[in-house]
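Shown here: work.tsv, TSV, C-alpha atoms.
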chain	number	residue	atom	x	y	z
A	1	MET	CA	-42.98	126.66	209.94
A	2	LYS	CA	-46.55	127.25	210.69
A	3	ASP	CA	-47.17	123.56	210.96
A	4	VAL	CA	-44.28	123.09	213.39
A	5	ASP	CA	-45.32	126.05	215.42
A	6	ALA	CA	-48.82	124.92	215.36
A	7	LYS	CA	-47.84	121.46	216.53
A	8	GLY	CA	-45.72	123.05	219.16
A	9	LYS	CA	-48.61	124.94	220.38
A	10	GLU	CA	-50.69	121.88	220.33
A	11	ASN	CA	-48.03	120.00	222.46
A	12	PRO	CA	-46.55	122.64	224.70
A	13	GLY	CA	-44.92	120.16	227.25
A	14	ARG	CA	-43.06	117.85	224.82
A	15	ALA	CA	-39.61	119.44	225.24
A	16	ASP	CA	-39.79	119.13	229.02
A	17	THR	CA	-40.77	115.47	229.03
A	18	ALA	CA	-37.90	114.27	226.71
A	19	SER	CA	-35.39	111.71	228.33
A	20	THR	CA	-31.85	112.94	229.18
A	21	ILE	CA	-28.90	111.06	227.49
A	22	ARG	CA	-25.92	110.46	229.73
A	23	VAL	CA	-22.42	109.54	228.31
A	24	THR	CA	-19.78	107.85	230.54
A	25	ASP	CA	-16.15	108.43	229.58
A	26	ARG	CA	-14.44	105.05	229.88
A	27	ARG	CA	-11.13	106.08	228.34
A	28	HIS	CA	-8.09	105.29	230.46
A	29	ARG	CA	-6.72	108.37	232.11
A	30	PHE	CA	-2.99	108.65	232.94
A	31	ASP	CA	-1.98	110.53	235.99
A	32	GLU	CA	1.50	110.76	237.52
A	33	ASP	CA	1.22	107.50	239.53
A	34	THR	CA	-0.03	105.42	236.67
A	35	ALA	CA	2.59	106.94	234.39
A	36	ALA	CA	5.37	105.87	236.78
A	37	ASP	CA	3.92	102.35	236.93
A	38	ALA	CA	3.82	102.20	233.17
A	39	THR	CA	7.47	103.21	232.78
A	40	GLU	CA	8.74	100.64	235.34
A	41	PRO	CA	6.60	97.53	235.10
A	42	SER	CA	7.25	94.92	237.76
A	43	PRO	CA	7.37	91.30	236.58
A	44	ARG	CA	4.50	89.20	237.69
A	45	TYR	CA	4.81	85.42	237.63
A	46	PRO	CA	2.13	82.90	238.26
A	47	GLY	CA	2.47	81.10	241.59
A	48	LEU	CA	3.61	77.78	240.02
A	49	VAL	CA	6.41	79.40	238.03
A	50	THR	CA	7.67	81.19	241.14
A	51	GLU	CA	7.70	77.95	243.13
A	52	LEU	CA	9.55	76.10	240.38
A	53	LYS	CA	12.10	78.88	240.18
A	54	GLU	CA	12.75	78.71	243.93
A	55	ARG	CA	13.13	74.94	243.76
A	56	ALA	CA	15.61	75.23	240.89
A	57	LEU	CA	17.72	77.76	242.79
A	58	ALA	CA	17.71	75.56	245.91
A	59	ALA	CA	18.73	72.49	243.87
A	60	GLU	CA	21.51	74.45	242.18
A	61	SER	CA	22.83	75.58	245.58
A	62	LYS	CA	22.81	72.00	246.93
A	63	LEU	CA	24.57	70.75	243.79
A	64	SER	CA	27.28	73.38	244.18
A	65	GLU	CA	27.82	72.37	247.82
A	66	ALA	CA	27.99	68.70	246.84
A	67	LEU	CA	30.55	69.41	244.11
A	68	ASN	CA	32.72	71.43	246.49
A	69	LEU	CA	32.58	68.61	249.05
A	70	LEU	CA	33.47	66.07	246.35
A	71	ARG	CA	36.49	68.13	245.25
A	72	LYS	CA	37.64	68.41	248.86
A	73	ARG	CA	37.34	64.66	249.37
A	74	GLU	CA	39.23	63.98	246.13
A	75	ALA	CA	42.06	66.31	247.22
A	76	GLU	CA	42.27	64.57	250.61
A	77	ALA	CA	42.34	61.17	248.88
A	78	ASP	CA	45.15	62.33	246.56
A	79	ASP	CA	47.18	63.57	249.54
A	80	PHE	CA	46.62	60.27	251.37
A	81	ARG	CA	47.71	58.23	248.32
A	82	ALA	CA	50.83	60.38	247.94
A	83	ARG	CA	51.76	59.93	251.61
A	84	LEU	CA	51.09	56.20	251.40
A	85	ARG	CA	53.24	55.89	248.27
A	86	ARG	CA	56.14	57.78	249.90
A	87	GLU	CA	55.87	55.65	253.03
A	88	MET	CA	55.86	52.44	250.98
A	89	GLU	CA	58.87	53.62	248.99
A	90	ARG	CA	60.72	54.50	252.20
A	91	ARG	CA	59.97	51.11	253.76
A	92	SER	CA	60.89	49.29	250.56
A	93	ARG	CA	64.22	51.14	250.36
A	94	THR	CA	64.96	50.47	254.04
A	95	GLU	CA	64.27	46.76	253.61
A	96	MET	CA	66.38	46.61	250.44
A	97	GLU	CA	69.29	48.40	252.17
A	98	SER	CA	69.11	45.95	255.07
A	99	TRP	CA	69.13	43.00	252.66
A	100	LEU	CA	72.05	44.42	250.65
A	101	LYS	CA	74.09	45.03	253.81
A	102	GLU	CA	73.68	41.37	254.74
A	103	LEU	CA	74.94	40.40	251.28
A	104	LEU	CA	77.93	42.69	251.76
A	105	GLU	CA	78.88	40.62	254.82
A	106	VAL	CA	79.02	37.56	252.57
A	107	LEU	CA	81.20	39.55	250.17
A	108	ASP	CA	83.50	40.44	253.08
A	109	SER	CA	83.86	36.74	253.83
A	110	LEU	CA	84.89	36.10	250.24
A	111	ASP	CA	87.48	38.88	250.48
A	112	ARG	CA	88.88	37.33	253.66
A	113	GLY	CA	88.96	33.94	251.97
A	114	ILE	CA	90.88	35.35	249.01
A	115	GLY	CA	93.27	37.09	251.39
A	116	ALA	CA	93.78	33.91	253.40
A	117	ALA	CA	94.60	31.93	250.26
A	118	GLY	CA	97.41	34.38	249.48
A	119	PRO	CA	99.97	34.06	246.73
A	120	GLY	CA	101.36	30.88	248.26
A	121	GLY	CA	97.99	29.19	248.60
A	122	PRO	CA	96.21	26.96	246.10
A	123	SER	CA	95.67	28.98	242.94
A	124	VAL	CA	92.56	27.01	242.07
A	125	LEU	CA	90.92	27.98	245.35
A	126	ARG	CA	92.02	31.61	245.06
A	127	ASP	CA	90.82	31.91	241.45
A	128	GLY	CA	87.51	30.24	242.29
A	129	LEU	CA	86.87	32.63	245.16
A	130	ALA	CA	87.80	35.58	242.95
A	131	LYS	CA	85.32	34.49	240.27
A	132	ILE	CA	82.56	34.10	242.87
A	133	ARG	CA	83.38	37.56	244.24
A	134	ASN	CA	83.25	39.14	240.77
A	135	GLN	CA	79.93	37.45	240.07
A	136	PHE	CA	78.62	38.72	243.39
A	137	LEU	CA	79.73	42.27	242.55
A	138	SER	CA	78.07	42.03	239.14
A	139	ILE	CA	74.75	41.06	240.73
A	140	LEU	CA	75.02	43.88	243.28
A	141	SER	CA	75.87	46.32	240.50
A	142	ARG	CA	72.57	45.56	238.76
A	143	HIS	CA	70.86	46.75	241.97
A	144	GLY	CA	72.84	50.01	242.00
A	145	VAL	CA	75.57	48.93	244.46
A	146	GLN	CA	79.10	50.08	243.63
A	147	PRO	CA	82.30	49.80	245.71
A	148	MET	CA	84.01	52.99	246.85
A	149	ALA	CA	87.56	53.80	245.78
A	150	LEU	CA	88.94	55.86	248.67
A	151	THR	CA	92.60	54.86	248.84
A	152	GLY	CA	94.77	57.94	248.29
A	153	THR	CA	91.90	60.40	248.77
A	154	PRO	CA	91.51	62.85	251.70
A	155	TYR	CA	89.73	61.37	254.67
A	156	ASP	CA	86.03	62.24	254.78
A	157	PRO	CA	84.14	61.14	257.91
A	158	HIS	CA	80.91	61.07	255.92
A	159	LEU	CA	82.28	58.33	253.68
A	160	ALA	CA	84.61	56.37	255.93
A	161	GLU	CA	85.43	55.49	259.51
A	162	ALA	CA	89.06	55.84	260.61
A	163	VAL	CA	89.88	52.73	262.61
A	164	ALA	CA	93.68	52.94	262.35
A	165	LEU	CA	96.39	55.61	262.03
A	166	SER	CA	99.82	55.41	260.41
A	167	PRO	CA	102.61	57.99	260.13
A	168	ALA	CA	102.47	60.04	256.96
A	169	ALA	CA	105.42	59.64	254.59
A	170	ALA	CA	105.24	63.33	253.65
A	171	PRO	CA	103.42	66.38	255.03
A	172	GLU	CA	101.12	66.51	252.00
A	173	ASP	CA	99.95	62.98	252.80
A	174	ASP	CA	98.48	64.07	256.13
A	175	SER	CA	94.87	62.88	256.59
A	176	LYS	CA	94.93	60.81	253.42
A	177	ILE	CA	93.51	57.30	253.35
A	178	LEU	CA	96.29	54.72	253.10
A	179	GLU	CA	94.25	51.54	253.06
A	180	GLU	CA	90.66	50.33	253.05
A	181	LEU	CA	90.40	47.72	255.78
A	182	ARG	CA	86.77	47.10	254.96
A	183	PRO	CA	85.42	48.41	251.63
A	184	GLY	CA	82.62	50.92	251.55
A	185	TYR	CA	79.76	50.82	249.04
A	186	TRP	CA	77.44	53.25	247.31
A	187	LEU	CA	73.75	52.66	246.61
A	188	GLY	CA	73.13	55.01	243.74
A	189	ASP	CA	74.39	58.40	244.95
A	190	GLN	CA	73.96	57.55	248.65
A	191	VAL	CA	76.24	55.77	251.10
A	192	LEU	CA	75.07	52.22	251.66
A	193	ARG	CA	77.93	51.33	253.99
A	194	PRO	CA	80.87	53.53	255.01
A	195	ALA	CA	84.35	52.13	254.65
A	196	GLN	CA	86.74	51.35	257.48
A	197	VAL	CA	90.13	52.83	256.64
A	198	ARG	CA	93.70	53.47	257.78
A	199	VAL	CA	94.59	57.16	257.71
A	200	ALA	CA	98.00	58.84	257.48
A	201	ARG	CA	98.92	61.37	260.18
A	202	SER	CA	101.92	63.64	260.37
A	203	SER	CA	101.68	63.69	264.17
A	204	PRO	CA	99.74	61.54	266.63
A	205	GLY	CA	96.21	62.68	267.36
A	206	VAL	CA	92.69	62.51	266.22
A	207	VAL	CA	92.10	62.60	262.50
A	208	SER	CA	91.00	66.09	261.52
A	209	GLU	CA	88.01	67.00	259.45
A	210	PRO	CA	88.57	67.92	255.78
A	211	ASP	CA	89.44	71.56	255.18
A	212	SER	CA	86.46	72.07	252.92
A	213	GLU	CA	83.15	71.49	254.62
A	214	LYS	CA	81.32	68.79	252.78
A	215	ALA	CA	77.69	68.03	253.49
A	216	PRO	CA	76.93	64.35	254.00
A	217	PRO	CA	75.17	62.60	251.14
A	218	SER	CA	71.44	62.37	251.71
A	219	GLY	CA	70.35	59.18	253.39
A	220	SER	CA	73.75	58.55	255.01
In structure tokens, what does this structure look like?
Amino acid sequence: MKDVDAKGKENPGRADTASTIRVTDRRHRFDEDTAADATEPSPRYPGLVTELKERALAAESKLSEALNLLRKREAEADDFRARLRREMERRSRTEMESWLKELLEVLDSLDRGIGAAGPGGPSVLRDGLAKIRNQFLSILSRHGVQPMALTGTPYDPHLAEAVALSPAAAPEDDSKILEELRPGYWLGDQVLRPAQVRVARSSPGVVSEPDSEKAPPSGS
């Protein structure tokens, strides 16, 4: 102790000349603002990633628009094909009906020939015409053409045309078809050609409509 004191006495200004040590606190301090930022971090992307993301979104939007346009065009094309198919079917049926009606005129000529031959005519001619007529009917049948059988049925203006009237033998025979002057024909379930008939009437006058309302077959 004496030595220290003695040295201290010998160097009285040493304590005053000593350098001061300063310490800087570099620890991160959290205040309210920094705490809020820490709880809700906002994503940060590099500039290239952001640009690529925007390009991808734009390309996806354009692709969606292109797909929607393609679907619309496909739907319009389907509608056009359906309309075209219906129109072609309608024209084809109209042309076929016209062709079949012309063949029916040939069949009418055969019927007149058979009627002209009559029971007293040459049997060979009558039988030959009958065979040709049956063959003709067989060919027409393969195309869906069938003759009507209206004799004895009530008159229906949708199926036949009354071209002659005859007195009815009994009241219940009024407005019944007595004879088919020109046969009528079906094409499937539609009228290809209406018949021309003779109708029974109890009293003179215009042939009345059937009691029950009957809608005309489609396509008549």
Which residues are close to Pro194 (chain A), i.e. within 6 Å by all atoms listed in the file, leaving aside same-chain residues fewer than 2 positions away? Reply as a PDB file with C-alpha atoms, in the coordinates of the input.
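After the write, around_18.pdb holds the following:
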ATOM      1  CA  LEU A 159      82.280  58.330 253.680  1.00  0.00           C
ATOM      2  CA  ALA A 160      84.610  56.370 255.930  1.00  0.00           C
ATOM      3  CA  GLY A 184      82.620  50.920 251.550  1.00  0.00           C
TER       4      GLY A 184
END
Original post:
What's the 10 Å shell around region 83-96 of chain A, counting only C-alpha atoms, without same-chain residues fewer than 6 positions away, as a ChimeraX atom specification?
Top reply: /A:77,102,143
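With all atoms listed in the file as the atoms that count, the minimum distance from Leu129 (chain A) to the choices A:Gln190, A:Ser61, A:Ser109, A:Ser166 is reached by A:Ser109.
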Subject >> Non-local contacts of Gly113 (chain A) (12 Å; all atoms listed in the file; under 2 positions in same chain excluded) as an MDAnalysis selection string >> reply: chainID A and resid 106:111 115:118 121:122 125:130 132:133
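Residues in contact with Gln146 (chain A) at up to 7 Å, not including ones fewer than 2 positions away on its chain and judged by all atoms listed in the file, are A:Ser141, A:Gly144, A:Met148, A:Tyr185, A:Trp186, A:Leu187.
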Please, could N, CA and C atoms be added to region 102-130 of chain A and the result written as a PDB file, in the coordinates of the input?
ATOM      1  N   GLU A 102      73.419  42.768 254.375  1.00  0.00           N
ATOM      2  CA  GLU A 102      73.680  41.370 254.740  1.00  0.00           C
ATOM      3  C   GLU A 102      74.478  40.663 253.635  1.00  0.00           C
ATOM      4  N   LEU A 103      74.167  40.990 252.374  1.00  0.00           N
ATOM      5  CA  LEU A 103      74.940  40.400 251.280  1.00  0.00           C
ATOM      6  C   LEU A 103      76.378  40.905 251.278  1.00  0.00           C
ATOM      7  N   LEU A 104      76.564  42.161 251.702  1.00  0.00           N
ATOM      8  CA  LEU A 104      77.930  42.690 251.760  1.00  0.00           C
ATOM      9  C   LEU A 104      78.766  41.941 252.791  1.00  0.00           C
ATOM     10  N   GLU A 105      78.143  41.424 253.845  1.00  0.00           N
ATOM     11  CA  GLU A 105      78.880  40.620 254.820  1.00  0.00           C
ATOM     12  C   GLU A 105      79.386  39.326 254.194  1.00  0.00           C
ATOM     13  N   VAL A 106      78.576  38.759 253.302  1.00  0.00           N
ATOM     14  CA  VAL A 106      79.020  37.560 252.570  1.00  0.00           C
ATOM     15  C   VAL A 106      80.190  37.926 251.659  1.00  0.00           C
ATOM     16  N   LEU A 107      80.106  39.100 251.033  1.00  0.00           N
ATOM     17  CA  LEU A 107      81.200  39.550 250.170  1.00  0.00           C
ATOM     18  C   LEU A 107      82.479  39.773 250.984  1.00  0.00           C
ATOM     19  N   ASP A 108      82.324  40.286 252.209  1.00  0.00           N
ATOM     20  CA  ASP A 108      83.500  40.440 253.080  1.00  0.00           C
ATOM     21  C   ASP A 108      84.139  39.095 253.379  1.00  0.00           C
ATOM     22  N   SER A 109      83.319  38.080 253.569  1.00  0.00           N
ATOM     23  CA  SER A 109      83.860  36.740 253.830  1.00  0.00           C
ATOM     24  C   SER A 109      84.633  36.213 252.627  1.00  0.00           C
ATOM     25  N   LEU A 110      84.152  36.502 251.436  1.00  0.00           N
ATOM     26  CA  LEU A 110      84.890  36.100 250.240  1.00  0.00           C
ATOM     27  C   LEU A 110      86.220  36.833 250.158  1.00  0.00           C
ATOM     28  N   ASP A 111      86.224  38.116 250.499  1.00  0.00           N
ATOM     29  CA  ASP A 111      87.480  38.880 250.480  1.00  0.00           C
ATOM     30  C   ASP A 111      88.474  38.287 251.488  1.00  0.00           C
ATOM     31  N   ARG A 112      87.985  37.917 252.665  1.00  0.00           N
ATOM     32  CA  ARG A 112      88.880  37.330 253.660  1.00  0.00           C
ATOM     33  C   ARG A 112      89.402  35.964 253.184  1.00  0.00           C
ATOM     34  N   GLY A 113      88.521  35.238 252.497  1.00  0.00           N
ATOM     35  CA  GLY A 113      88.960  33.940 251.970  1.00  0.00           C
ATOM     36  C   GLY A 113      90.034  34.108 250.911  1.00  0.00           C
ATOM     37  N   ILE A 114      89.865  35.100 250.034  1.00  0.00           N
ATOM     38  CA  ILE A 114      90.880  35.350 249.010  1.00  0.00           C
ATOM     39  C   ILE A 114      92.183  35.793 249.653  1.00  0.00           C
ATOM     40  N   GLY A 115      92.056  36.652 250.708  1.00  0.00           N
ATOM     41  CA  GLY A 115      93.270  37.090 251.390  1.00  0.00           C
ATOM     42  C   GLY A 115      93.954  35.966 252.128  1.00  0.00           C
ATOM     43  N   ALA A 116      93.192  35.037 252.676  1.00  0.00           N
ATOM     44  CA  ALA A 116      93.780  33.910 253.400  1.00  0.00           C
ATOM     45  C   ALA A 116      94.492  32.955 252.458  1.00  0.00           C
ATOM     46  N   ALA A 117      93.948  32.812 251.236  1.00  0.00           N
ATOM     47  CA  ALA A 117      94.600  31.930 250.260  1.00  0.00           C
ATOM     48  C   ALA A 117      95.984  32.448 249.930  1.00  0.00           C
ATOM     49  N   GLY A 118      96.108  33.746 249.690  1.00  0.00           N
ATOM     50  CA  GLY A 118      97.410  34.380 249.480  1.00  0.00           C
ATOM     51  C   GLY A 118      98.114  33.863 248.239  1.00  0.00           C
ATOM     52  N   PRO A 119      99.219  34.502 247.910  1.00  0.00           N
ATOM     53  CA  PRO A 119      99.970  34.060 246.730  1.00  0.00           C
ATOM     54  C   PRO A 119     100.497  32.642 246.857  1.00  0.00           C
ATOM     55  N   GLY A 120     100.792  32.219 248.093  1.00  0.00           N
ATOM     56  CA  GLY A 120     101.360  30.880 248.260  1.00  0.00           C
ATOM     57  C   GLY A 120     100.301  29.802 248.389  1.00  0.00           C
ATOM     58  N   GLY A 121      99.049  30.170 248.441  1.00  0.00           N
ATOM     59  CA  GLY A 121      97.990  29.190 248.600  1.00  0.00           C
ATOM     60  C   GLY A 121      97.621  28.542 247.280  1.00  0.00           C
ATOM     61  N   PRO A 122      96.653  27.625 247.337  1.00  0.00           N
ATOM     62  CA  PRO A 122      96.210  26.960 246.100  1.00  0.00           C
ATOM     63  C   PRO A 122      95.616  27.974 245.129  1.00  0.00           C
ATOM     64  N   SER A 123      96.151  28.008 243.926  1.00  0.00           N
ATOM     65  CA  SER A 123      95.670  28.980 242.940  1.00  0.00           C
ATOM     66  C   SER A 123      94.250  28.669 242.503  1.00  0.00           C
ATOM     67  N   VAL A 124      93.908  27.383 242.486  1.00  0.00           N
ATOM     68  CA  VAL A 124      92.560  27.010 242.070  1.00  0.00           C
ATOM     69  C   VAL A 124      91.536  27.579 243.050  1.00  0.00           C
ATOM     70  N   LEU A 125      91.834  27.458 244.335  1.00  0.00           N
ATOM     71  CA  LEU A 125      90.920  27.980 245.350  1.00  0.00           C
ATOM     72  C   LEU A 125      90.834  29.495 245.267  1.00  0.00           C
ATOM     73  N   ARG A 126      92.001  30.156 245.116  1.00  0.00           N
ATOM     74  CA  ARG A 126      92.020  31.610 245.060  1.00  0.00           C
ATOM     75  C   ARG A 126      91.269  32.113 243.820  1.00  0.00           C
ATOM     76  N   ASP A 127      91.494  31.486 242.678  1.00  0.00           N
ATOM     77  CA  ASP A 127      90.820  31.910 241.450  1.00  0.00           C
ATOM     78  C   ASP A 127      89.316  31.651 241.525  1.00  0.00           C
ATOM     79  N   GLY A 128      88.941  30.535 242.161  1.00  0.00           N
ATOM     80  CA  GLY A 128      87.510  30.240 242.290  1.00  0.00           C
ATOM     81  C   GLY A 128      86.799  31.253 243.165  1.00  0.00           C
ATOM     82  N   LEU A 129      87.459  31.620 244.287  1.00  0.00           N
ATOM     83  CA  LEU A 129      86.870  32.630 245.160  1.00  0.00           C
ATOM     84  C   LEU A 129      86.788  33.989 244.471  1.00  0.00           C
ATOM     85  N   ALA A 130      87.791  34.301 243.671  1.00  0.00           N
ATOM     86  CA  ALA A 130      87.800  35.580 242.950  1.00  0.00           C
ATOM     87  C   ALA A 130      86.661  35.632 241.929  1.00  0.00           C
TER      88      ALA A 130
END
